[in-house]
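Some notes on the structure that comes next.
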Amino acid sequence: RRRGRARGPIGLVAACALVAALAGGGAAALVGELTGGSDSTSRSTPVENASSKLSGVSAVAQAVSPSIVEIKATTGQGQSTGSGVIVTGDGEVVTNNHVVAGADTVQVSLSDGSTRTAKVVGTDPAKDLALIKIQGAGGGFKAAKFGDSSKLRVGDQVVAIGSPEGLTGTVTSGIVSALNRDVTVAKEQGSQDQGQDQGRGRNGRGLPQWPFEFGGNQYNGDTGSSKTTYKAIQTDASLNPGNSGGALINMSGEIIGINSAMYAPASGSASGDSAGSVGLGFAIPVNTVKADLAKLRAGGTNS
């Protein structure tokens with residue numbers, strides 16, 4: 001009987017030890033999960049993935065920047081600076097007509113810092129679009145991916161990449177603030193490109209002239225007698241002189257517009273300098289670009 005009674009406490013201690021071991025093992029497993037211990041190395045979590053990969057605007061910028069170029073077009077009246085989007089691997093670049101209109105020579109600066117000569121293939125002043133081709137490069141360029149501008153909605157987040165004031169590869173972001181805006185720009189060769197992207201053609205107070213009409217009003221000066229109107233995407237992404245011809249991009253890294261007009265009013269300072277972007281920018285929808293590419297490759301039109 002004494003031996004039987006002795007076995008009772010020993011059995012109880014053993015049972016308690018077993019429960020403690022199980023509890024301890026569970027706690028250890030929980031700690032392992034939270035601290036990334038060896039028990040959880042075979043499982044990844046969204047947090048771990050997000051910490052090791054780019055996302056949002058930075059991911060879009062990294063993916064699309066190699067497809068954006070800076071353009072310098074020299075005319076008899078000076079030099080115009082703008083941007084462009086590589087659309088084929090052999091070096092076709094879409095930009096605004098007003099960036100290269102009347103150009104004698106065109107130079108393209110790539111994202112890797114190299115500079116190449118380009119040739120104007122075709123222009124369409126009626127749509128403010130142009131196509132140029134990088135010469136003697138041997139191909140191998142990273143072409144941008146076109147999206148579908150008909151799927152855009154007001155409030156969609158967008159990214160703009162271009163060369164404002166010659167600052168190559170500048171990235172800004174914002175939203176689509178309106179759709180189907182009627183925007184009117186100058187169509188004559190050597191008119192809008194001189195003012196909008198180089199700062200020439202200034203008025204007596206030194207204010208830049210990049211004229212366009214919107215909502216029945218004129219902005220940045222007089223568009224002149226020869227002009228054209230198109231339906232535009234309105235964005236509050238910061239655009240400045242030199243962004244013309246660059247890309248407006250959705251968050252999937254697809255081109256959904258070609259930036260073309262922006263409003264930068266006077267700051268009111270004694271120096272008369274412009275105040276820069278105030279969130280009123282416009283882009284030509286990419287579906288318009290896609291529909292016009294064949295015509296541009298054939299030499300474009302002056303109508």
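Ordered as shown in the structure tokens, chains take letters A, B, and onward, while each chain numbers its residues from 1 and ligands are numbered from 1 in the order shown.
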
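Neighbouring residues of Lys290 (chain A) at 12 Å or closer, counting only C-alpha atoms and skipping chain neighbours under 4 positions away, are Val87, Val94, Lys127, Leu129, Leu131, Lys145, Phe146, Gly147, Asp148, Ser149, Ile255, Ile256, Gly257, Ile258, Ile284, Pro285, Val286, Ala294, Lys295, Leu296 and Arg297 of chain A.
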
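All residues of protein, DNA or RNA that reach within 9 Å of Ala160 (chain A), judged by only C-alpha atoms and not counting those fewer than 5 positions away in the chain, are Ala61, Thr170, Val171, Thr172, Ser173, Gly174, Ala237, Ser238, Leu239, Asn243, Gly246, Ala247, Leu248, Ile249 and Asn259 of chain A.
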
For the selection just defined, write its residues with N, CA, C and O atoms to a file, as a compact mmCIF listing (two decimals), in the first residue's frame.
```txt
# COMPACT_ATOMS: atom_id res chain seq x y z
N ALA A 61 8.31 54.30 -61.23
CA ALA A 61 9.44 55.09 -61.71
C ALA A 61 10.59 54.20 -62.15
O ALA A 61 11.20 54.43 -63.21
N THR A 170 12.94 63.41 -64.02
CA THR A 170 12.20 63.88 -62.85
C THR A 170 10.86 63.17 -62.74
O THR A 170 10.13 63.05 -63.73
N VAL A 171 10.52 62.72 -61.53
CA VAL A 171 9.30 61.96 -61.28
C VAL A 171 8.39 62.77 -60.35
O VAL A 171 8.83 63.25 -59.31
N THR A 172 7.14 62.92 -60.74
CA THR A 172 6.12 63.52 -59.87
C THR A 172 4.89 62.62 -59.89
O THR A 172 4.76 61.75 -60.75
N SER A 173 3.99 62.82 -58.94
CA SER A 173 2.80 61.99 -58.89
C SER A 173 1.59 62.83 -58.51
O SER A 173 1.71 63.93 -57.96
N GLY A 174 0.41 62.29 -58.80
CA GLY A 174 -0.84 62.96 -58.47
C GLY A 174 -2.00 62.07 -58.84
O GLY A 174 -1.88 60.84 -58.82
N ALA A 237 -0.69 66.15 -61.09
CA ALA A 237 0.73 65.81 -60.99
C ALA A 237 1.53 67.01 -61.48
O ALA A 237 1.20 67.61 -62.51
N SER A 238 2.55 67.38 -60.77
CA SER A 238 3.32 68.59 -61.10
C SER A 238 3.98 68.46 -62.47
O SER A 238 4.79 67.56 -62.70
N LEU A 239 3.63 69.37 -63.38
CA LEU A 239 4.24 69.44 -64.71
C LEU A 239 4.83 70.83 -64.89
O LEU A 239 4.24 71.82 -64.47
N ASN A 243 8.48 69.05 -69.41
CA ASN A 243 7.69 67.82 -69.27
C ASN A 243 6.94 67.49 -70.55
O ASN A 243 6.48 66.36 -70.73
N GLY A 246 6.58 64.01 -72.39
CA GLY A 246 6.86 62.93 -71.46
C GLY A 246 5.63 62.10 -71.15
O GLY A 246 4.55 62.30 -71.71
N ALA A 247 5.78 61.18 -70.21
CA ALA A 247 4.74 60.18 -69.98
C ALA A 247 3.90 60.48 -68.76
O ALA A 247 4.40 60.92 -67.73
N LEU A 248 2.60 60.21 -68.90
CA LEU A 248 1.68 60.11 -67.77
C LEU A 248 1.36 58.62 -67.64
O LEU A 248 0.94 57.99 -68.61
N ILE A 249 1.54 58.05 -66.45
CA ILE A 249 1.59 56.60 -66.27
C ILE A 249 0.64 56.18 -65.17
O ILE A 249 0.51 56.87 -64.15
N ASN A 259 2.12 64.02 -71.81
CA ASN A 259 1.96 65.34 -71.22
C ASN A 259 2.19 66.43 -72.27
O ASN A 259 3.14 66.36 -73.04
```

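Across the model, the gap from CA of Ser111 (chain A) to CA of Ala59 (chain A) is 16.0 Å.
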
Extract, using only C-alpha atoms, all DNA, RNA and protein residues at most 10 Å from region 279-282 of chain A, discarding same-chain residues fewer than 5 positions from it, and format them as a PyMOL selection string. chain A and resi 174-179+181-183+231-240+244+248+257-264

Give me, as a ChimeraX atom specification, the residues of region 59-189 of chain A that a backbone DSSP run labels strand (DSSP E or B). /A:68-75,78-86,92-95,105-109,115-124,129-134,145-146,157-162,170-186
